[in-house]
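Comments concern the structure below.
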Amino acid sequence: MFDPIIDWIRRIVSAIWASIVAAIRFVTAPFRYITALYRKSGWIIRGVIIILIIPFVVGYAWFFWHAAWIRGYDNNYPARYNFAQSTVPAGDQVSVEGGDTTTRTCGRSYIVDVTADLIEFNVDENLWMSSNPLYKAGLFWALEWDQTWFMDNKAAFQRGVHQAASRTAIELADALGRVRGTSQIDPDLKVAKGNVQFDQYTWYFNIFDEQPFGPTTPTPTYFRSAMQSLRKYNERLEGCSATFDARADNLLQFLDRIAKDIGSMSAQIKERSEKYNSGWFDTRADDIFMYAKGELYAYYGILQASRADFSQVVSSRELDDIWDRMEDHVRRAIELDPFIIANGREDGWLMPTHLTTIGFYILRARSNLVEIRSVLDR
């Protein structure tokens with residue numbers, strides 16, 4: 001007896017299996033050709049093939065090892081800083097009595113600490129993927145990793161983290177680390193601002209890029225320099241030789257920039273969700289999802305650091321309840337961890353829509369940021 005539903009399911013399974021087989025044949029075609037050449041060649045040709053293959057195999061094994069997962073990932077990483085134990089707001093001066101002498105010290109900026117640590121997390125704890133030549137080469141120079149379902153999630157996550165760290169470093173240089181924006185820009189923050197905006201895709205040699213041929217400084221080196229400059233600034237701030245302007249209008253402006261940042265991400269999610277409904281077969285859904293998750297992962301710590309640095313403002317404006325809700329929405333977003341990221345229809349019944357789900361929490365967090373901003377603006 002013919003059952004249309006069973007026949008429909010059988011057709012879907014057959015199509016999926018055919019796609020998997022075709023993908024496997026495409027990926028393994030170079031290996032099958034080399035194997036056939038090796039078998040019918042003499043020992044000299046075989047030796048040449050082995051010499052050429054060994055660095056290729058070792059290089060890709062090293063790449064896959066680094067691209068497979070994110071080292072040091074921890075949703076609870078803000079707890080390391082003990083923000084609740086902070087007693088001195090960033091930049092505030094206190095006097096420490098020590099026998100016959102009195103020592104001046106100032107509060108460090110948690111925003112700077114978290115931002116520097118996020119950069120270290122991106123380029124030291126993990127290999128920076130976007131500038132790696134094997135990442136840029138794609139799947140055997142035939143297909144960009146961003147067009148596949150695998151080996152690109154870590155790079156997208158890192159770019160999201162870096163977007164948040166970069167935005168924060170810029171705001172530190174332009175507003176938070178100077179008095180009312182009219183004083184001279186802090187030298188360390190100026191260096192950090194410049195280096196953190198360096199191109200994300202530069203390696204030692206960039207023969208496949210639109211850059212002049214020849215050796216150059218790779219991206220991670222610039223990012224590490226930005227990290228070091230941020231830490232130098234914080235050391236000077238702690239010694240009361242730098243400025244951190246923890247005023248309400250500075251907090252308002254900083255949160256406004258963050259709201260616009262995640263609002264832009266929400267717009268990308270909306271566009272992808274509306275124009276593509278390929279479910280598990282949308283090869284770009286995972287990039288957008290992981291970029292958004294990386295950006296929110298970074299802002300999760302930066303926003304908690306902001307709450308500590310501007311503790312007097314948050315307390316005087318009674319923002320704790322709204323801030324708690326905002327942090328909860330960001331936390332829920334970064335806790336999303338689907339095994340396969342799907343971009344199904346919003347009213348679909350077969351395939352989930354993970355993009356819409358993370359977009360929902362982004363909009364809730366952004367709404368809370370706008371609400372905080374309106375309180376600060378009164």
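In the structure tokens, chains take letters A, B, ... by order of appearance, with residues numbered from 1 within each chain and ligands from 1 in the order shown.
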Considering only C-alpha atoms, give me a table of residues in region 263-340 of chain A that are at most 9 Å from region 111-123 of chain A, with the closest atom pair and distance in Å for each, as JSON lines.
```
{"residue": "A:Ala298", "atom": "CA", "partner": "A:Leu118", "partner_atom": "CA", "distance": 7.0}
{"residue": "A:Gly301", "atom": "CA", "partner": "A:Val114", "partner_atom": "CA", "distance": 6.6}
{"residue": "A:Ile302", "atom": "CA", "partner": "A:Ile111", "partner_atom": "CA", "distance": 5.7}
{"residue": "A:Leu303", "atom": "CA", "partner": "A:Ile111", "partner_atom": "CA", "distance": 8.0}
{"residue": "A:Gln304", "atom": "CA", "partner": "A:Ile111", "partner_atom": "CA", "distance": 8.4}
{"residue": "A:Ala305", "atom": "CA", "partner": "A:Ile111", "partner_atom": "CA", "distance": 5.0}
{"residue": "A:Ser306", "atom": "CA", "partner": "A:Ile111", "partner_atom": "CA", "distance": 5.9}
{"residue": "A:Ala308", "atom": "CA", "partner": "A:Ile111", "partner_atom": "CA", "distance": 8.5}
{"residue": "A:Asp309", "atom": "CA", "partner": "A:Ile111", "partner_atom": "CA", "distance": 7.1}
```
Applying 7 Å and only C-alpha atoms, which residues near Ile372 (chain A) remain after dropping the ones on its own chain fewer than 3 positions away? List them as a list in words.
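Answer for this query is Leu319, Ile322, Asn368, Leu369, Val375 and Leu376 of chain A.
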Between A:Tyr110, A:Tyr222, A:Phe150, A:Phe56, which has the minimum distance to Gln197 (chain A) (counting only C-alpha atoms)?
A:Tyr222
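When only C-alpha atoms are used to measure the gap to Ala61 (chain A), the shortest distance among A:Arg159, A:Gln93, A:Asn343, A:Leu134 belongs to A:Leu134.
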I'd like to know which residues of region 46-278 of chain A are strand (DSSP E or B) (by DSSP, run on the backbone); could you write them as a ChimeraX atom specification?
/A:90,93-98,101-107
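For the pair CA of Gly91 (chain A) and CA of Arg108 (chain A), the interatomic distance is 6.5 Å.
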Just checking: using only C-alpha atoms, which residue out of A:Ser367, A:Ser41, A:Gln147, A:Ser374 ends up closest to Asp286 (chain A)?
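Ranking A:Ser367, A:Ser41, A:Gln147, A:Ser374 by distance to Asp286 (chain A), first place goes to A:Gln147.
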Counting only C-alpha atoms, what is within 12 Å of Ala246 (chain A), bar same-chain residues fewer than 6 positions away, as a PyMOL selection string?
chain A and resi 88-92+107-111+172+175-180+252-254+306-314
May I ask for the distance between CA of Arg332 (chain A) and CA of Ser273 (chain A), given in Å to one decimal place?
19.9 Å
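Of the listed residues A:Thr28, A:Ser264, A:Asn76, A:Gln158, the one whose atoms come nearest to Lys293 (chain A) is A:Gln158, with distances taken using only C-alpha atoms.
Going from CA of Ile45 (chain A) over to CA of Ala23 (chain A), you cover 29.3 Å.
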For Ile362 (chain A), the nearest of the candidates A:Phe339, A:Arg284, A:Ser266, A:Ile16, counting only C-alpha atoms:
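Once distances to Ile362 (chain A) are computed over only C-alpha atoms, the minimum belongs to A:Ser266.
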Can you list every residue in region 128-277 of chain A that DSSP puts in helix (DSSP H, G or I), as a PyMOL selection string?
chain A and resi 133-137+145-147+153-176+187-196+219-238+248-275
Could you take the residues named above and write them with C-alpha atoms, as a JSON list (two decimals), in the first residue's frame?
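Dumped to again15.json:
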```json
[["chain", "number", "residue", "atom", "x", "y", "z"],
["A", 133, "PRO", "CA", 47.14, 30.12, 5.89],
["A", 134, "LEU", "CA", 45.39, 26.73, 6.02],
["A", 135, "TYR", "CA", 42.19, 28.43, 7.14],
["A", 136, "LYS", "CA", 42.43, 30.95, 4.32],
["A", 137, "ALA", "CA", 43.25, 28.16, 1.85],
["A", 145, "TRP", "CA", 35.81, 26.97, 5.24],
["A", 146, "ASP", "CA", 33.10, 29.61, 5.76],
["A", 147, "GLN", "CA", 31.06, 27.79, 3.11],
["A", 153, "ASN", "CA", 32.96, 27.91, 13.94],
["A", 154, "LYS", "CA", 36.01, 28.75, 16.04],
["A", 155, "ALA", "CA", 37.11, 31.49, 13.63],
["A", 156, "ALA", "CA", 33.62, 33.03, 13.65],
["A", 157, "PHE", "CA", 33.50, 32.88, 17.46],
["A", 158, "GLN", "CA", 36.93, 34.54, 17.73],
["A", 159, "ARG", "CA", 35.88, 37.34, 15.37],
["A", 160, "GLY", "CA", 32.81, 37.96, 17.53],
["A", 161, "VAL", "CA", 34.93, 38.15, 20.69],
["A", 162, "HIS", "CA", 37.34, 40.48, 18.95],
["A", 163, "GLN", "CA", 34.56, 42.78, 17.77],
["A", 164, "ALA", "CA", 33.49, 43.35, 21.38],
["A", 165, "ALA", "CA", 37.09, 43.77, 22.59],
["A", 166, "SER", "CA", 37.87, 46.15, 19.75],
["A", 167, "ARG", "CA", 34.78, 48.28, 20.39],
["A", 168, "THR", "CA", 35.68, 48.48, 24.09],
["A", 169, "ALA", "CA", 39.30, 49.45, 23.40],
["A", 170, "ILE", "CA", 38.12, 52.24, 21.10],
["A", 171, "GLU", "CA", 35.71, 53.57, 23.72],
["A", 172, "LEU", "CA", 38.42, 53.46, 26.37],
["A", 173, "ALA", "CA", 40.69, 55.58, 24.20],
["A", 174, "ASP", "CA", 38.05, 58.01, 22.98],
["A", 175, "ALA", "CA", 35.98, 58.56, 26.12],
["A", 176, "LEU", "CA", 36.50, 56.47, 29.24],
["A", 187, "PRO", "CA", 49.33, 57.14, 25.04],
["A", 188, "ASP", "CA", 48.83, 53.48, 25.96],
["A", 189, "LEU", "CA", 45.17, 53.52, 25.02],
["A", 190, "LYS", "CA", 46.04, 55.23, 21.75],
["A", 191, "VAL", "CA", 48.43, 52.40, 20.88],
["A", 192, "ALA", "CA", 45.87, 49.80, 21.92],
["A", 193, "LYS", "CA", 43.17, 51.44, 19.80],
["A", 194, "GLY", "CA", 45.37, 51.43, 16.71],
["A", 195, "ASN", "CA", 46.63, 47.86, 17.08],
["A", 196, "VAL", "CA", 43.29, 46.29, 17.95],
["A", 219, "THR", "CA", 47.65, 39.85, 12.99],
["A", 220, "PRO", "CA", 48.18, 38.15, 16.41],
["A", 221, "THR", "CA", 51.31, 40.27, 17.02],
["A", 222, "TYR", "CA", 49.29, 43.49, 16.70],
["A", 223, "PHE", "CA", 46.57, 42.15, 18.97],
["A", 224, "ARG", "CA", 49.12, 41.10, 21.59],
["A", 225, "SER", "CA", 50.60, 44.61, 21.45],
["A", 226, "ALA", "CA", 47.11, 46.03, 22.10],
["A", 227, "MET", "CA", 46.74, 43.68, 25.08],
["A", 228, "GLN", "CA", 50.08, 44.78, 26.52],
["A", 229, "SER", "CA", 49.21, 48.46, 26.09],
["A", 230, "LEU", "CA", 45.91, 47.97, 27.92],
["A", 231, "ARG", "CA", 47.71, 46.34, 30.83],
["A", 232, "LYS", "CA", 50.30, 49.11, 30.95],
["A", 233, "TYR", "CA", 47.48, 51.64, 31.13],
["A", 234, "ASN", "CA", 45.87, 49.76, 34.01],
["A", 235, "GLU", "CA", 49.14, 49.65, 35.92],
["A", 236, "ARG", "CA", 49.50, 53.41, 35.50],
["A", 237, "LEU", "CA", 45.86, 53.87, 36.51],
["A", 238, "GLU", "CA", 46.47, 51.89, 39.69],
["A", 248, "ALA", "CA", 27.17, 58.63, 34.21],
["A", 249, "ASP", "CA", 27.29, 60.16, 30.72],
["A", 250, "ASN", "CA", 30.36, 58.07, 29.89],
["A", 251, "LEU", "CA", 28.54, 54.91, 30.98],
["A", 252, "LEU", "CA", 25.52, 56.00, 28.94],
["A", 253, "GLN", "CA", 27.65, 56.45, 25.82],
["A", 254, "PHE", "CA", 29.47, 53.14, 26.33],
["A", 255, "LEU", "CA", 26.24, 51.17, 26.75],
["A", 256, "ASP", "CA", 24.81, 52.95, 23.71],
["A", 257, "ARG", "CA", 27.77, 51.74, 21.62],
["A", 258, "ILE", "CA", 27.29, 48.18, 22.88],
["A", 259, "ALA", "CA", 23.55, 48.33, 22.13],
["A", 260, "LYS", "CA", 24.31, 49.43, 18.57],
["A", 261, "ASP", "CA", 26.92, 46.70, 18.22],
["A", 262, "ILE", "CA", 24.59, 43.87, 19.17],
["A", 263, "GLY", "CA", 21.76, 45.58, 17.30],
["A", 264, "SER", "CA", 23.82, 45.28, 14.12],
["A", 265, "MET", "CA", 24.32, 41.59, 14.87],
["A", 266, "SER", "CA", 20.58, 41.19, 15.37],
["A", 267, "ALA", "CA", 19.96, 42.74, 11.94],
["A", 268, "GLN", "CA", 22.28, 40.18, 10.32],
["A", 269, "ILE", "CA", 20.45, 37.35, 12.06],
["A", 270, "LYS", "CA", 17.09, 38.73, 10.94],
["A", 271, "GLU", "CA", 18.20, 39.02, 7.32],
["A", 272, "ARG", "CA", 19.60, 35.50, 7.24],
["A", 273, "SER", "CA", 16.55, 34.02, 8.94],
["A", 274, "GLU", "CA", 14.13, 35.69, 6.54],
["A", 275, "LYS", "CA", 15.98, 34.97, 3.29]]
```
